[in-house]
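> Handing you this structure, nothing more for now.
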Amino acid sequence: VLNKLLYISRATPLAHAGASEIDRILSAARIRNESLQVTGALISTQDNFAQILEGPQDALDQLMESIERDPRHTEVRTLLRQDNVLRTFEGWHMAYEGSSLFIARHIRVLTACFQAPNEIHVTRLMDLMASLAGRQSNAVGSD
Ligand SMILES: Cc1cc2nc3c(=O)[nH]c(=O)nc-3n(C[C@H](O)[C@H](O)[C@H](O)COP(=O)(O)O)c2cc1C
């Protein structure tokens, strides 16, 4: 069974310590994700990350353990978990989109709501990340 999750986090200065820090994250991620049969997408802005991971539950648990203790970001917040889904990012062991003000705004609206994340905004971010990879998200709900 394939599971999927979406989280957002806040980048620490370590994430931008060197010009190639993101490249380092990505190349390590692509190797490990391939071996774990995990695919997904990562968005990075000056202040935040948003990442979708899809794969077997065990693999996602294992990855999230590493990711949550990574000092390059903090406040890792899982917004959505889906069981039994199809891959949106088939073939992408980690699709990547760098910073843009447009994307930054979509993440910021989710960091602003400390109670329950607004489902429409969660879905919008999922769809945005899927469209960046040129695919249709299978997330439920829309506005
Ligand atoms: C925003 C962000 C996203 C990451 N995504 C992945 C990922 O998809 N796959 C991965 O193996 N590591 C990813 N990493 C790196 C992990 O946090 C970790 O450094 C790496 O998996 C090595 O794990 P370990 O520290 O348990 O040895 C990410 C790190 C950050 C800061």
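We label chains A, B, ... in the order they appear in the structure tokens, count residues from 1 in each chain, and number ligands from 1 in the order shown.
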Please find the residues contacting ligand 1 at a distance of at most 10 Å between atoms, with only C-alpha atoms and all ligand atoms counted, and report them as number ranges by chain.
A: 7-12, 14-15, 21-22, 24-36, 38-44, 48-54, 59-60, 62-74, 76, 93-95
> Report as a PDB file with N, CA, C and O atoms, in the first residue's frame: the residues of chain A with a DSSP assignment of strand (DSSP E), based on the backbone of this structure.

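Done, and the output landed in out-v8.pdb:
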ATOM      1  N   ASN A   3       1.476   5.194   0.713  1.00  0.00           N
ATOM      2  CA  ASN A   3       1.006   6.317   1.515  1.00  0.00           C
ATOM      3  C   ASN A   3       1.675   7.600   1.051  1.00  0.00           C
ATOM      4  O   ASN A   3       2.725   7.566   0.423  1.00  0.00           O
ATOM      5  N   LYS A   4       1.038   8.695   1.417  1.00  0.00           N
ATOM      6  CA  LYS A   4       1.554   9.996   1.010  1.00  0.00           C
ATOM      7  C   LYS A   4       1.445  10.970   2.170  1.00  0.00           C
ATOM      8  O   LYS A   4       0.502  10.893   2.947  1.00  0.00           O
ATOM      9  N   LEU A   5       2.410  11.847   2.304  1.00  0.00           N
ATOM     10  CA  LEU A   5       2.269  12.914   3.295  1.00  0.00           C
ATOM     11  C   LEU A   5       2.800  14.217   2.743  1.00  0.00           C
ATOM     12  O   LEU A   5       3.638  14.247   1.835  1.00  0.00           O
ATOM     13  N   LEU A   6       2.269  15.287   3.302  1.00  0.00           N
ATOM     14  CA  LEU A   6       2.727  16.641   2.983  1.00  0.00           C
ATOM     15  C   LEU A   6       3.114  17.311   4.291  1.00  0.00           C
ATOM     16  O   LEU A   6       2.353  17.282   5.252  1.00  0.00           O
ATOM     17  N   TYR A   7       4.329  17.859   4.347  1.00  0.00           N
ATOM     18  CA  TYR A   7       4.675  18.665   5.516  1.00  0.00           C
ATOM     19  C   TYR A   7       5.234  20.012   5.082  1.00  0.00           C
ATOM     20  O   TYR A   7       5.688  20.171   3.943  1.00  0.00           O
ATOM     21  N   ILE A   8       5.176  20.963   5.988  1.00  0.00           N
ATOM     22  CA  ILE A   8       5.875  22.228   5.793  1.00  0.00           C
ATOM     23  C   ILE A   8       6.813  22.409   6.981  1.00  0.00           C
ATOM     24  O   ILE A   8       6.603  21.807   8.044  1.00  0.00           O
ATOM     25  N   SER A   9       7.835  23.208   6.814  1.00  0.00           N
ATOM     26  CA  SER A   9       8.769  23.462   7.904  1.00  0.00           C
ATOM     27  C   SER A   9       9.378  24.842   7.714  1.00  0.00           C
ATOM     28  O   SER A   9       9.186  25.482   6.678  1.00  0.00           O
ATOM     29  N   ARG A  10      10.108  25.279   8.726  1.00  0.00           N
ATOM     30  CA  ARG A  10      10.771  26.579   8.649  1.00  0.00           C
ATOM     31  C   ARG A  10      12.263  26.361   8.481  1.00  0.00           C
ATOM     32  O   ARG A  10      12.880  25.639   9.273  1.00  0.00           O
ATOM     33  N   ALA A  11      12.817  26.955   7.466  1.00  0.00           N
ATOM     34  CA  ALA A  11      14.255  26.812   7.199  1.00  0.00           C
ATOM     35  C   ALA A  11      15.049  27.530   8.286  1.00  0.00           C
ATOM     36  O   ALA A  11      14.665  28.611   8.736  1.00  0.00           O
ATOM     37  N   THR A  39       9.024   8.489  -3.686  1.00  0.00           N
ATOM     38  CA  THR A  39       9.045   9.578  -4.666  1.00  0.00           C
ATOM     39  C   THR A  39       8.437  10.813  -3.996  1.00  0.00           C
ATOM     40  O   THR A  39       7.896  10.730  -2.894  1.00  0.00           O
ATOM     41  N   GLY A  40       8.535  11.954  -4.667  1.00  0.00           N
ATOM     42  CA  GLY A  40       7.951  13.149  -4.074  1.00  0.00           C
ATOM     43  C   GLY A  40       8.475  14.420  -4.672  1.00  0.00           C
ATOM     44  O   GLY A  40       9.105  14.417  -5.731  1.00  0.00           O
ATOM     45  N   ALA A  41       8.188  15.517  -3.968  1.00  0.00           N
ATOM     46  CA  ALA A  41       8.583  16.832  -4.443  1.00  0.00           C
ATOM     47  C   ALA A  41       8.948  17.717  -3.266  1.00  0.00           C
ATOM     48  O   ALA A  41       8.378  17.592  -2.180  1.00  0.00           O
ATOM     49  N   LEU A  42       9.908  18.582  -3.501  1.00  0.00           N
ATOM     50  CA  LEU A  42      10.363  19.516  -2.472  1.00  0.00           C
ATOM     51  C   LEU A  42      10.322  20.933  -3.035  1.00  0.00           C
ATOM     52  O   LEU A  42      10.763  21.174  -4.155  1.00  0.00           O
ATOM     53  N   ILE A  43       9.763  21.820  -2.233  1.00  0.00           N
ATOM     54  CA  ILE A  43       9.775  23.236  -2.565  1.00  0.00           C
ATOM     55  C   ILE A  43      10.576  23.944  -1.491  1.00  0.00           C
ATOM     56  O   ILE A  43      10.419  23.664  -0.312  1.00  0.00           O
ATOM     57  N   SER A  44      11.432  24.848  -1.912  1.00  0.00           N
ATOM     58  CA  SER A  44      12.240  25.604  -0.966  1.00  0.00           C
ATOM     59  C   SER A  44      12.063  27.090  -1.226  1.00  0.00           C
ATOM     60  O   SER A  44      12.155  27.536  -2.370  1.00  0.00           O
ATOM     61  N   ASN A  48      10.878  28.803   4.137  1.00  0.00           N
ATOM     62  CA  ASN A  48      10.176  27.546   4.373  1.00  0.00           C
ATOM     63  C   ASN A  48      10.551  26.434   3.403  1.00  0.00           C
ATOM     64  O   ASN A  48      11.066  26.683   2.319  1.00  0.00           O
ATOM     65  N   PHE A  49      10.232  25.221   3.837  1.00  0.00           N
ATOM     66  CA  PHE A  49      10.210  24.075   2.935  1.00  0.00           C
ATOM     67  C   PHE A  49       8.790  23.526   2.908  1.00  0.00           C
ATOM     68  O   PHE A  49       8.054  23.646   3.889  1.00  0.00           O
ATOM     69  N   ALA A  50       8.431  22.922   1.799  1.00  0.00           N
ATOM     70  CA  ALA A  50       7.228  22.098   1.716  1.00  0.00           C
ATOM     71  C   ALA A  50       7.645  20.855   0.970  1.00  0.00           C
ATOM     72  O   ALA A  50       8.371  20.935  -0.028  1.00  0.00           O
ATOM     73  N   GLN A  51       7.255  19.709   1.487  1.00  0.00           N
ATOM     74  CA  GLN A  51       7.678  18.466   0.841  1.00  0.00           C
ATOM     75  C   GLN A  51       6.536  17.459   0.830  1.00  0.00           C
ATOM     76  O   GLN A  51       5.822  17.317   1.814  1.00  0.00           O
ATOM     77  N   ILE A  52       6.390  16.794  -0.285  1.00  0.00           N
ATOM     78  CA  ILE A  52       5.479  15.659  -0.404  1.00  0.00           C
ATOM     79  C   ILE A  52       6.336  14.410  -0.524  1.00  0.00           C
ATOM     80  O   ILE A  52       7.300  14.389  -1.304  1.00  0.00           O
ATOM     81  N   LEU A  53       6.019  13.416   0.287  1.00  0.00           N
ATOM     82  CA  LEU A  53       6.707  12.130   0.214  1.00  0.00           C
ATOM     83  C   LEU A  53       5.663  11.065  -0.026  1.00  0.00           C
ATOM     84  O   LEU A  53       4.610  11.062   0.629  1.00  0.00           O
ATOM     85  N   GLU A  54       5.929  10.150  -0.945  1.00  0.00           N
ATOM     86  CA  GLU A  54       4.991   9.058  -1.193  1.00  0.00           C
ATOM     87  C   GLU A  54       5.769   7.760  -1.303  1.00  0.00           C
ATOM     88  O   GLU A  54       6.826   7.707  -1.923  1.00  0.00           O
ATOM     89  N   GLY A  55       5.252   6.725  -0.640  1.00  0.00           N
ATOM     90  CA  GLY A  55       5.942   5.438  -0.631  1.00  0.00           C
ATOM     91  C   GLY A  55       5.350   4.545   0.435  1.00  0.00           C
ATOM     92  O   GLY A  55       4.340   4.887   1.049  1.00  0.00           O
ATOM     93  N   HIS A  73      16.255  22.616   9.229  1.00  0.00           N
ATOM     94  CA  HIS A  73      14.917  23.202   9.342  1.00  0.00           C
ATOM     95  C   HIS A  73      14.347  22.869  10.719  1.00  0.00           C
ATOM     96  O   HIS A  73      14.923  22.086  11.486  1.00  0.00           O
ATOM     97  N   THR A  74      13.230  23.515  11.036  1.00  0.00           N
ATOM     98  CA  THR A  74      12.595  23.302  12.329  1.00  0.00           C
ATOM     99  C   THR A  74      11.087  23.432  12.145  1.00  0.00           C
ATOM    100  O   THR A  74      10.620  23.745  11.046  1.00  0.00           O
ATOM    101  N   GLU A  75      10.342  23.179  13.214  1.00  0.00           N
ATOM    102  CA  GLU A  75       8.867  23.292  13.136  1.00  0.00           C
ATOM    103  C   GLU A  75       8.293  22.462  12.000  1.00  0.00           C
ATOM    104  O   GLU A  75       7.428  22.924  11.247  1.00  0.00           O
ATOM    105  N   VAL A  76       8.766  21.238  11.891  1.00  0.00           N
ATOM    106  CA  VAL A  76       8.253  20.337  10.857  1.00  0.00           C
ATOM    107  C   VAL A  76       6.809  19.970  11.208  1.00  0.00           C
ATOM    108  O   VAL A  76       6.533  19.473  12.294  1.00  0.00           O
ATOM    109  N   ARG A  77       5.915  20.284  10.325  1.00  0.00           N
ATOM    110  CA  ARG A  77       4.491  20.115  10.621  1.00  0.00           C
ATOM    111  C   ARG A  77       3.800  19.344   9.492  1.00  0.00           C
ATOM    112  O   ARG A  77       3.683  19.844   8.374  1.00  0.00           O
ATOM    113  N   THR A  78       3.375  18.140   9.803  1.00  0.00           N
ATOM    114  CA  THR A  78       2.682  17.333   8.801  1.00  0.00           C
ATOM    115  C   THR A  78       1.245  17.812   8.673  1.00  0.00           C
ATOM    116  O   THR A  78       0.502  17.837   9.645  1.00  0.00           O
ATOM    117  N   LEU A  79       0.882  18.210   7.465  1.00  0.00           N
ATOM    118  CA  LEU A  79      -0.439  18.798   7.237  1.00  0.00           C
ATOM    119  C   LEU A  79      -1.441  17.777   6.734  1.00  0.00           C
ATOM    120  O   LEU A  79      -2.643  17.955   6.880  1.00  0.00           O
ATOM    121  N   LEU A  80      -0.932  16.737   6.115  1.00  0.00           N
ATOM    122  CA  LEU A  80      -1.843  15.816   5.449  1.00  0.00           C
ATOM    123  C   LEU A  80      -1.188  14.454   5.325  1.00  0.00           C
ATOM    124  O   LEU A  80      -0.003  14.360   5.026  1.00  0.00           O
ATOM    125  N   ARG A  81      -1.961  13.418   5.615  1.00  0.00           N
ATOM    126  CA  ARG A  81      -1.529  12.039   5.361  1.00  0.00           C
ATOM    127  C   ARG A  81      -2.634  11.344   4.595  1.00  0.00           C
ATOM    128  O   ARG A  81      -3.796  11.478   4.945  1.00  0.00           O
ATOM    129  N   GLN A  82      -2.271  10.614   3.574  1.00  0.00           N
ATOM    130  CA  GLN A  82      -3.259   9.849   2.810  1.00  0.00           C
ATOM    131  C   GLN A  82      -2.765   8.418   2.674  1.00  0.00           C
ATOM    132  O   GLN A  82      -1.585   8.194   2.422  1.00  0.00           O
ATOM    133  N   ALA A  95      11.462  15.605  -6.926  1.00  0.00           N
ATOM    134  CA  ALA A  95      11.318  16.757  -7.806  1.00  0.00           C
ATOM    135  C   ALA A  95      11.590  18.002  -6.977  1.00  0.00           C
ATOM    136  O   ALA A  95      11.300  18.042  -5.785  1.00  0.00           O
ATOM    137  N   TYR A  96      12.134  19.024  -7.609  1.00  0.00           N
ATOM    138  CA  TYR A  96      12.516  20.213  -6.845  1.00  0.00           C
ATOM    139  C   TYR A  96      12.113  21.487  -7.553  1.00  0.00           C
ATOM    140  O   TYR A  96      12.274  21.621  -8.760  1.00  0.00           O
ATOM    141  N   GLU A  97      11.584  22.406  -6.780  1.00  0.00           N
ATOM    142  CA  GLU A  97      11.313  23.744  -7.298  1.00  0.00           C
ATOM    143  C   GLU A  97      11.871  24.750  -6.310  1.00  0.00           C
ATOM    144  O   GLU A  97      11.596  24.673  -5.118  1.00  0.00           O
TER     145      GLU A  97
END
> Rounded to one decimal place, report the atom CA of A:Asp23-atom CA of A:Ser100 distance in Å.
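Rounded to one decimal, the two atoms are 17.0 Å apart.
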> Just the number, please: distance in Å from atom CA of A:His106 to atom CA of A:Leu125, one decimal.
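According to the coordinates, atom CA of A:His106 and atom CA of A:Leu125 are separated by 6.3 Å.
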> Any chance you could list, as an NGL selection string, the residues in stretch 37-106 of chain A that come up alpha helix (DSSP H) when DSSP is run on the backbone?
:A and (57-68 or 101-106)
> Mind pulling up the distance from atom CA of A:Asp127 to atom CA of A:Val1?
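Between atom CA of A:Val1 and atom CA of A:Asp127 the gap works out to 21.8 Å.
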